[in-house]
$ cat coords.txt   # compact mmCIF, C-alpha atoms
# COMPACT_ATOMS: atom_id res chain seq x y z
CA MET D 1 -20.69 -62.77 -93.65
CA MET D 2 -22.11 -66.15 -92.68
CA GLU D 3 -24.77 -67.43 -95.10
CA ILE D 4 -27.98 -68.66 -93.51
CA PRO D 5 -28.81 -72.04 -95.13
CA GLU D 6 -32.24 -72.63 -96.59
CA ILE D 7 -34.16 -75.05 -94.43
CA VAL D 8 -36.86 -76.95 -96.33
CA SER D 9 -38.80 -80.16 -96.09
CA VAL D 10 -40.55 -82.08 -98.87
CA ALA D 11 -44.33 -82.36 -98.45
CA ALA D 12 -46.15 -85.60 -99.02
CA ASP D 13 -47.53 -84.03 -102.17
CA ARG D 14 -44.63 -84.14 -104.61
CA ASN D 15 -46.09 -81.24 -106.58
CA HIS D 16 -45.60 -78.82 -103.67
CA ARG D 17 -42.59 -77.76 -101.62
CA ARG D 18 -43.19 -75.82 -98.43
CA TRP D 19 -40.80 -74.26 -95.91
CA SER D 20 -40.96 -75.47 -92.32
CA PRO D 21 -38.55 -74.85 -89.43
CA ASP D 22 -36.12 -77.61 -88.53
CA PRO D 23 -35.38 -77.30 -84.75
CA VAL D 24 -32.00 -79.07 -85.00
CA ALA D 25 -30.79 -76.89 -87.84
CA ILE D 26 -31.94 -73.69 -86.12
CA SER D 27 -30.23 -74.72 -82.91
CA THR D 28 -26.99 -75.40 -84.78
CA LEU D 29 -27.23 -72.04 -86.52
CA LEU D 30 -27.75 -70.11 -83.26
CA VAL D 31 -24.71 -71.76 -81.70
CA ALA D 32 -22.65 -70.82 -84.76
CA LEU D 33 -23.77 -67.22 -84.46
CA VAL D 34 -23.47 -66.80 -80.67
CA VAL D 35 -20.14 -68.54 -79.98
CA PRO D 36 -18.05 -66.11 -82.06
CA LEU D 37 -19.69 -63.19 -80.26
CA ARG D 38 -18.88 -64.63 -76.86
CA SER D 39 -15.30 -65.33 -77.84
CA GLN D 40 -14.84 -61.63 -78.57
CA GLN D 41 -15.74 -60.57 -75.00
CA PRO D 42 -12.72 -59.67 -72.81
CA ALA D 43 -11.73 -62.36 -70.35
CA ALA D 44 -12.65 -61.65 -66.73
CA TRP D 45 -9.68 -60.13 -64.91
CA LYS D 46 -8.47 -61.68 -61.65
CA ASP D 47 -6.30 -60.04 -59.03
CA ALA D 48 -3.11 -62.10 -58.89
CA SER D 49 -1.80 -60.56 -55.68
CA SER D 50 -1.15 -62.94 -52.80
CA HIS D 51 -3.40 -61.08 -50.37
CA VAL D 52 -6.62 -62.24 -48.72
CA ARG D 53 -9.34 -59.59 -48.68
CA GLN D 54 -11.84 -58.96 -45.91
CA PHE D 55 -14.15 -56.16 -44.80
CA VAL D 56 -13.74 -55.03 -41.21
CA PRO D 57 -16.62 -53.23 -39.43
CA VAL D 58 -15.74 -49.76 -38.15
CA GLY D 59 -18.66 -48.51 -36.10
CA GLN D 60 -22.19 -49.65 -36.84
CA GLU D 61 -22.58 -48.61 -40.48
CA LEU D 62 -19.09 -48.64 -41.97
CA GLN D 63 -16.81 -51.38 -43.26
CA LEU D 64 -13.25 -50.94 -44.49
CA GLU D 65 -11.43 -53.11 -46.99
CA VAL D 66 -8.41 -54.81 -45.41
CA LEU D 67 -5.83 -56.79 -47.37
CA ASP D 68 -3.75 -59.47 -45.66
CA TRP D 69 -0.57 -60.58 -47.45
CA GLY D 70 0.44 -62.94 -44.65
CA GLY D 71 3.99 -63.29 -43.38
CA THR D 72 5.64 -63.91 -40.05
CA GLY D 73 6.71 -61.65 -37.24
CA ARG D 74 5.37 -58.36 -35.93
CA PRO D 75 2.26 -57.01 -37.70
CA LEU D 76 2.90 -54.18 -40.17
CA VAL D 77 0.01 -52.10 -41.52
CA LEU D 78 0.25 -50.14 -44.78
CA LEU D 79 -1.81 -46.98 -45.27
CA ALA D 80 -2.22 -45.59 -48.79
CA GLY D 81 -1.84 -42.02 -49.96
CA GLY D 82 -4.66 -39.71 -50.99
CA GLY D 83 -6.87 -41.16 -53.68
CA ASN D 84 -5.21 -44.57 -53.53
CA THR D 85 -6.36 -47.86 -52.02
CA ALA D 86 -4.46 -50.61 -50.24
CA HIS D 87 -3.99 -52.28 -53.64
CA VAL D 88 -1.29 -49.73 -54.46
CA PHE D 89 0.96 -51.89 -52.25
CA ASP D 90 0.26 -55.13 -54.16
CA ASP D 91 3.82 -55.31 -55.52
CA PHE D 92 5.57 -53.80 -52.50
CA ALA D 93 3.87 -55.61 -49.60
CA PRO D 94 5.04 -59.17 -50.46
CA LYS D 95 8.67 -57.99 -50.14
CA LEU D 96 8.05 -57.41 -46.42
CA THR D 97 6.38 -60.72 -45.52
CA GLY D 98 9.71 -62.37 -44.66
CA ASP D 99 10.01 -60.09 -41.62
CA PHE D 100 6.43 -59.01 -40.86
CA HIS D 101 2.81 -60.06 -41.10
CA VAL D 102 1.66 -57.43 -43.59
CA TYR D 103 -1.78 -55.81 -43.84
CA GLY D 104 -3.16 -52.88 -45.83
CA ILE D 105 -6.19 -50.69 -45.13
CA THR D 106 -8.25 -48.79 -47.70
CA ARG D 107 -9.51 -45.67 -45.94
CA ARG D 108 -13.17 -44.71 -45.83
CA GLY D 109 -14.59 -43.19 -48.98
CA PHE D 110 -12.13 -44.86 -51.37
CA GLY D 111 -12.15 -48.05 -53.43
CA GLU D 112 -14.34 -50.78 -51.98
CA SER D 113 -14.40 -49.31 -48.46
CA GLY D 114 -17.62 -47.76 -47.22
CA PHE D 115 -18.07 -44.10 -46.41
CA ALA D 116 -19.58 -42.08 -43.59
CA LEU D 117 -19.08 -38.42 -42.74
CA LEU D 118 -16.14 -37.59 -40.51
CA THR D 119 -16.98 -36.71 -36.91
CA SER D 120 -13.63 -35.43 -35.61
CA GLY D 121 -11.72 -34.08 -38.57
CA SER D 122 -8.47 -35.77 -39.50
CA ASP D 123 -8.47 -37.86 -36.30
CA THR D 124 -11.47 -39.78 -37.65
CA PHE D 125 -9.15 -41.48 -40.15
CA GLY D 126 -6.78 -42.28 -37.28
CA ASP D 127 -9.65 -43.71 -35.25
CA ASP D 128 -10.56 -45.92 -38.22
CA VAL D 129 -7.05 -47.38 -38.15
CA LEU D 130 -7.32 -48.05 -34.42
CA ALA D 131 -10.69 -49.76 -34.95
CA VAL D 132 -9.12 -52.11 -37.49
CA LEU D 133 -6.24 -52.88 -35.11
CA ASP D 134 -8.80 -53.73 -32.43
CA ALA D 135 -10.91 -55.89 -34.74
CA LEU D 136 -7.90 -57.88 -35.95
CA LYS D 137 -6.33 -57.95 -32.46
CA LEU D 138 -3.03 -56.54 -33.74
CA GLU D 139 -0.69 -55.70 -30.84
CA ARG D 140 1.79 -52.85 -31.30
CA PRO D 141 2.13 -53.04 -35.06
CA VAL D 142 4.36 -50.90 -37.24
CA LEU D 143 2.31 -48.34 -39.17
CA VAL D 144 3.60 -47.37 -42.61
CA GLY D 145 1.88 -44.50 -44.42
CA HIS D 146 2.36 -42.94 -47.84
CA SER D 147 1.65 -39.26 -48.53
CA ILE D 148 -1.59 -38.23 -46.75
CA GLY D 149 -1.28 -41.50 -44.81
CA GLY D 150 1.22 -39.57 -42.69
CA GLN D 151 -1.73 -37.76 -41.17
CA GLU D 152 -3.10 -41.03 -39.81
CA LEU D 153 0.36 -42.04 -38.55
CA SER D 154 0.76 -38.81 -36.58
CA SER D 155 -2.82 -38.98 -35.30
CA VAL D 156 -2.33 -42.47 -33.88
CA GLY D 157 1.30 -41.99 -32.85
CA THR D 158 0.66 -38.83 -30.84
CA ARG D 159 -2.62 -39.81 -29.21
CA HIS D 160 -1.96 -43.53 -28.66
CA SER D 161 1.80 -44.06 -28.80
CA ASN D 162 1.44 -47.18 -26.65
CA ARG D 163 -0.61 -48.85 -29.38
CA VAL D 164 2.13 -48.89 -32.04
CA ALA D 165 5.78 -49.91 -32.14
CA ALA D 166 6.97 -47.47 -34.81
CA LEU D 167 5.90 -45.20 -37.65
CA VAL D 168 7.32 -45.12 -41.19
CA TYR D 169 6.49 -42.08 -43.32
CA LEU D 170 6.81 -42.81 -47.06
CA ASP D 171 7.24 -39.30 -48.46
CA ALA D 172 4.64 -38.23 -45.93
CA ALA D 173 6.69 -35.47 -44.28
CA TYR D 174 4.23 -32.67 -44.94
CA PRO D 175 2.48 -30.15 -42.65
CA TYR D 176 -0.48 -32.48 -42.12
CA ALA D 177 1.96 -34.96 -40.52
CA PHE D 178 4.31 -32.57 -38.69
CA ASP D 179 3.96 -28.82 -38.14
CA ASN D 180 5.79 -26.92 -35.43
CA GLY D 181 5.17 -23.55 -37.03
CA LYS D 182 8.51 -23.53 -38.88
CA VAL D 183 7.58 -25.73 -41.82
CA PRO D 184 6.31 -24.75 -45.28
CA THR D 185 2.56 -24.28 -45.41
CA MET D 186 0.23 -26.30 -47.59
CA LYS D 187 -0.56 -23.08 -49.46
CA GLU D 188 3.11 -22.57 -50.30
CA MET D 189 3.23 -26.05 -51.78
CA SER D 190 0.00 -25.74 -53.72
CA ASP D 191 1.07 -22.34 -55.07
CA VAL D 192 4.17 -23.93 -56.62
CA GLY D 193 2.10 -26.65 -58.30
CA PHE D 194 3.34 -30.04 -59.39
CA PRO D 195 4.49 -30.75 -62.97
CA GLN D 196 2.15 -33.18 -64.72
CA PRO D 197 3.24 -35.64 -67.43
CA PRO D 198 1.56 -35.77 -70.84
CA PRO D 199 -1.75 -37.68 -70.55
CA PRO D 200 -2.13 -41.22 -71.87
CA THR D 201 -3.21 -41.57 -75.48
CA GLU D 202 -6.21 -43.52 -76.74
CA ALA D 203 -3.78 -46.33 -77.60
CA ASP D 204 -2.47 -46.33 -74.01
CA LEU D 205 -6.06 -46.67 -72.77
CA ALA D 206 -6.88 -49.67 -74.97
CA THR D 207 -6.02 -52.03 -72.08
CA PHE D 208 -4.89 -51.77 -68.49
CA ASP D 209 -1.63 -53.41 -69.50
CA GLY D 210 -1.20 -50.58 -71.99
CA LEU D 211 -1.84 -48.04 -69.23
CA ARG D 212 0.78 -49.72 -67.06
CA ARG D 213 3.29 -49.46 -69.92
CA TYR D 214 2.42 -45.78 -70.27
CA TYR D 215 3.35 -45.14 -66.63
CA THR D 216 6.59 -47.07 -67.03
CA ARG D 217 7.41 -44.94 -70.06
CA VAL D 218 6.71 -41.54 -68.49
CA LEU D 219 7.53 -42.20 -64.82
CA GLY D 220 10.11 -44.98 -64.88
CA PHE D 221 7.88 -47.24 -62.77
CA THR D 222 4.28 -48.40 -62.88
CA TYR D 223 1.35 -49.08 -60.57
CA PRO D 224 -0.17 -52.48 -59.76
CA GLU D 225 -2.99 -53.30 -62.16
CA ALA D 226 -5.42 -53.85 -59.28
CA GLU D 227 -4.81 -50.27 -58.15
CA LEU D 228 -5.39 -48.89 -61.63
CA ARG D 229 -8.67 -50.81 -61.79
CA GLN D 230 -9.66 -49.23 -58.47
CA GLN D 231 -8.97 -45.81 -59.98
CA ARG D 232 -10.54 -46.27 -63.42
CA SER D 233 -13.66 -48.02 -64.65
CA THR D 234 -13.62 -50.67 -67.38
CA THR D 235 -15.67 -50.39 -70.58
CA PRO D 236 -17.64 -53.40 -71.89
CA GLU D 237 -14.91 -53.81 -74.52
CA GLY D 238 -12.22 -54.05 -71.85
CA ARG D 239 -10.78 -50.57 -72.42
CA VAL D 240 -9.76 -48.25 -69.60
CA GLY D 241 -12.81 -46.16 -68.77
CA PRO D 242 -13.38 -42.88 -66.90
CA ALA D 243 -12.09 -42.25 -63.40
CA ARG D 244 -14.14 -43.65 -60.53
CA SER D 245 -15.55 -41.25 -57.96
CA SER D 246 -14.26 -41.25 -54.38
CA PRO D 247 -16.62 -39.59 -51.87
CA GLY D 248 -13.86 -39.36 -49.28
CA GLY D 249 -11.62 -37.17 -51.42
CA ARG D 250 -12.86 -33.79 -50.22
CA PHE D 251 -12.46 -34.82 -46.57
CA LEU D 252 -8.79 -35.86 -46.70
CA THR D 253 -7.57 -32.72 -44.96
CA ALA D 254 -10.82 -31.77 -43.24
CA GLY D 255 -10.08 -30.46 -39.77
CA MET D 256 -6.33 -30.86 -40.35
CA LYS D 257 -4.50 -30.81 -37.01
CA GLN D 258 -1.07 -29.50 -36.11
CA TYR D 259 1.10 -32.39 -34.90
CA ALA D 260 4.22 -30.88 -33.36
CA GLN D 261 5.44 -33.78 -31.21
CA ILE D 262 5.73 -37.43 -32.27
CA PRO D 263 6.79 -39.57 -29.28
CA THR D 264 6.67 -42.83 -31.24
CA PRO D 265 9.91 -43.99 -32.95
CA ALA D 266 9.64 -42.75 -36.52
CA LEU D 267 11.42 -43.02 -39.86
CA PHE D 268 10.81 -40.31 -42.47
CA LEU D 269 11.75 -41.20 -46.05
CA VAL D 270 11.75 -38.01 -48.13
CA SER D 271 11.63 -37.88 -51.93
CA SER D 272 13.18 -35.27 -54.20
CA GLN D 273 9.80 -34.80 -55.89
CA SER D 274 11.09 -36.14 -59.21
CA PRO D 275 8.13 -36.06 -61.63
CA GLY D 276 9.58 -38.99 -63.60
CA ARG D 277 11.45 -39.74 -66.79
CA TRP D 278 9.39 -37.38 -68.91
CA ALA D 279 10.69 -34.36 -66.98
CA GLU D 280 14.33 -35.39 -66.51
CA THR D 281 15.39 -34.01 -69.88
CA SER D 282 12.88 -31.17 -70.01
CA THR D 283 14.29 -27.73 -70.73
CA ASP D 284 10.99 -26.01 -69.96
CA PRO D 285 11.91 -23.28 -67.45
CA VAL D 286 8.51 -23.51 -65.76
CA ILE D 287 8.92 -27.24 -65.08
CA ARG D 288 12.54 -26.85 -63.93
CA GLY D 289 11.46 -23.99 -61.65
CA GLN D 290 8.63 -26.02 -60.11
CA ILE D 291 10.94 -28.95 -59.37
CA ALA D 292 13.56 -26.68 -57.77
CA ALA D 293 10.93 -24.91 -55.65
CA LEU D 294 9.38 -28.16 -54.47
CA ASN D 295 12.78 -29.55 -53.54
CA ALA D 296 13.54 -26.43 -51.49
CA LEU D 297 10.25 -26.80 -49.61
CA GLN D 298 10.99 -30.48 -48.99
CA GLU D 299 14.39 -29.55 -47.58
CA ARG D 300 12.80 -27.06 -45.18
CA GLN D 301 10.28 -29.63 -43.99
CA ALA D 302 12.93 -32.33 -43.48
CA LYS D 303 15.25 -29.91 -41.63
CA SER D 304 12.42 -28.86 -39.31
CA ILE D 305 11.72 -32.49 -38.42
CA GLU D 306 15.41 -33.23 -37.80
CA ASP D 307 15.80 -30.18 -35.54
CA ALA D 308 12.59 -30.72 -33.57
CA LEU D 309 12.69 -34.52 -33.26
CA PRO D 310 16.32 -35.57 -32.75
CA ASN D 311 15.37 -39.20 -32.08
CA THR D 312 13.59 -39.44 -35.41
CA ARG D 313 15.50 -40.67 -38.46
CA VAL D 314 15.11 -38.65 -41.67
CA VAL D 315 16.45 -40.11 -44.93
CA LYS D 316 16.42 -38.15 -48.19
CA LEU D 317 16.24 -40.18 -51.39
CA PRO D 318 17.73 -38.27 -54.35
CA GLY D 319 15.90 -38.75 -57.62
CA ALA D 320 12.93 -40.40 -55.92
CA ASN D 321 9.35 -39.88 -57.05
CA HIS D 322 6.57 -39.08 -54.58
CA TYR D 323 5.69 -42.80 -54.79
CA VAL D 324 9.05 -43.66 -53.20
CA PHE D 325 8.13 -47.27 -52.51
CA LEU D 326 7.63 -47.81 -56.25
CA SER D 327 10.33 -45.59 -57.77
CA ASN D 328 13.00 -46.51 -55.16
CA GLU D 329 11.76 -49.82 -53.81
CA ALA D 330 15.22 -51.22 -52.93
CA ASP D 331 16.21 -48.05 -51.04
CA VAL D 332 12.95 -47.99 -49.09
CA LEU D 333 13.20 -51.67 -48.14
CA ARG D 334 16.82 -51.25 -47.03
CA GLU D 335 16.07 -48.23 -44.84
CA MET D 336 12.95 -49.79 -43.36
CA ARG D 337 14.72 -53.03 -42.45
CA ALA D 338 17.65 -51.19 -40.88
CA PHE D 339 15.35 -48.97 -38.82
CA LEU D 340 12.79 -51.57 -37.82
CA GLY D 341 15.44 -54.18 -37.11
CA ARG D 342 16.36 -52.23 -33.98
CA LEU D 343 12.87 -52.42 -32.48
CA ARG D 344 12.34 -54.47 -29.37
$ encode --input "coords.txt" --output "structure tokens"
Amino acid sequence: MMEIPEIVSVAADRNHRRWSPDPVAISTLLVALVVPLRSQQPAAWKDASSHVRQFVPVGQELQLEVLDWGGTGRPLVLLAGGGNTAHVFDDFAPKLTGDFHVYGITRRGFGESGFALLTSGSDTFGDDVLAVLDALKLERPVLVGHSIGGQELSSVGTRHSNRVAALVYLDAAYPYAFDNGKVPTMKEMSDVGFPQPPPPTEADLATFDGLRRYYTRVLGFTYPEAELRQQRSTTPEGRVGPARSSPGGRFLTAGMKQYAQIPTPALFLVSSQSPGRWAETSTDPVIRGQIAALNALQERQAKSIEDALPNTRVVKLPGANHYVFLSNEADVLREMRAFLGRLR
């Protein structure tokens, strides 16, 4: 503990000593006390991704966060999965800038984007994408969607196929993206359930870097820190705090439509629903059964797409996680470049 020095002055009368404040000494003492406290505060975090961020008006009362990673060539727009923001592509997007000018959109009700009630079910999200394309004057871009982002791809690609050059579904081949009546239902998938890894420990939540290491340990890959900070709050001490709320979550499949025809050139990259490293060696019969059941449903969905849309390319990625662009980045980039390289 720091000792507070006695501050005295000698009175003119030598027989008396009295205490009086010395402004210089007090000022020095306060600095000595405050500086160590400030030095213990966590340093302000800065997003190191190469993107430029802007907010694009969609309608009169809504603005969406748009990230621009730059690049040359045809515009390519990334759409995140359910619950995620465009920051989930922070590590993936720069790998595409040699061939495309890459953008990412955070859908309404998530992250820093605004929120307003949907007016036309799932097509509202598709209309939001079109509004951003209009605002940025993007002509016939490639749309790339992960997971629920496939709903927006099919919405735009079926209603306005002339507005886009191609669609890339990153493990987004689910009934909300394609349903001709022969595919597994969403209820079948939800009834199976999805195996969940053990939760992070208090030690894992001490820092966001620790949380990233946790995901690497249990999944075999990790998420960009900016995305994790969009998902979780930060405590005053710099620890990972509780999950942030997303008002758009309950509307993700509101008014889900049945898209049975996709006239736009499309590439479907299908995962094997691998839950990650933690489950690879599991002998739990429940977990093994869930994985097998999910893979069977994925096979049915992929086969239905191949049979109904012969001009669409479907690629299955063995051992891939639902976040295929993170777990199998090299495979995804290879397939995308091969497919998109043939566009006019």
$ atom_distance --input "coords.txt" --atom1 "CA of Asp128 (chain D)" --atom2 "CA of Glu152 (chain D)"
9.1 Å
$ residues_around --input "coords.txt" --residues "Ala131 (chain D)" --least-positions-apart "2" --cutoff "10 Å" --atoms "all atoms listed in the file" --output "PyMOL selection string"
chain D and resi 56-59+64+125-129+133-137
$ closest_residue --input "coords.txt" --among "D:Gly145, D:Pro200, D:Gly220, D:Gly157" --to "Gly81 (chain D)" --atoms "all atoms listed in the file"
D:Gly145
$ residues_around --input "coords.txt" --residues "Leu96 (chain D)" --least-positions-apart "6" --cutoff "9 Å" --atoms "only C-alpha atoms" --output "MDAnalysis selection string"
chainID D and resid 71 76 102 333 337
$ atom_distance --input "coords.txt" --atom1 "CA of Gly289 (chain D)" --atom2 "CA of Ala172 (chain D)"
22.3 Å
$ residues_near_point --input "coords.txt" --point "(8.4, -35.7, -46.5)" --cutoff "7 Å" --atoms "only C-alpha atoms" --output "list in words"
Asp171, Ala172, Ala173, Tyr174, Phe268, Leu269, Val270, Ser271, Gln298, Gln301 and Ala302 of chain D
$ atom_distance --input "coords.txt" --atom1 "CA of Ala93 (chain D)" --atom2 "CA of Leu78 (chain D)"
8.1 Å
$ residues_around --input "coords.txt" --residues "Thr312 (chain D)" --least-positions-apart "4" --cutoff "10 Å" --atoms "all atoms listed in the file" --output "list in words"
Leu167, Ile262, Pro263, Thr264, Pro265, Ala266, Leu267, Phe268, Ile305, Glu306, Asp307 and Ala308 of chain D
$ closest_residue --input "coords.txt" --among "D:Ala260, D:Val240, D:Leu62, D:Ile291" --to "Thr158 (chain D)" --atoms "all atoms listed in the file"
D:Ala260
$ closest_residue --input "coords.txt" --among "D:Gln273, D:His101, D:Glu299, D:Thr72" --to "Val314 (chain D)" --atoms "only C-alpha atoms"
D:Glu299
$ closest_residue --input "coords.txt" --among "D:Ala206, D:Val164, D:Leu130, D:Leu297" --to "Asp191 (chain D)" --atoms "all atoms listed in the file"
D:Leu297
$ closest_residue --input "coords.txt" --among "D:Gly73, D:Gln54, D:Gly341, D:Phe110" --to "Gln230 (chain D)" --atoms "only C-alpha atoms"
D:Phe110
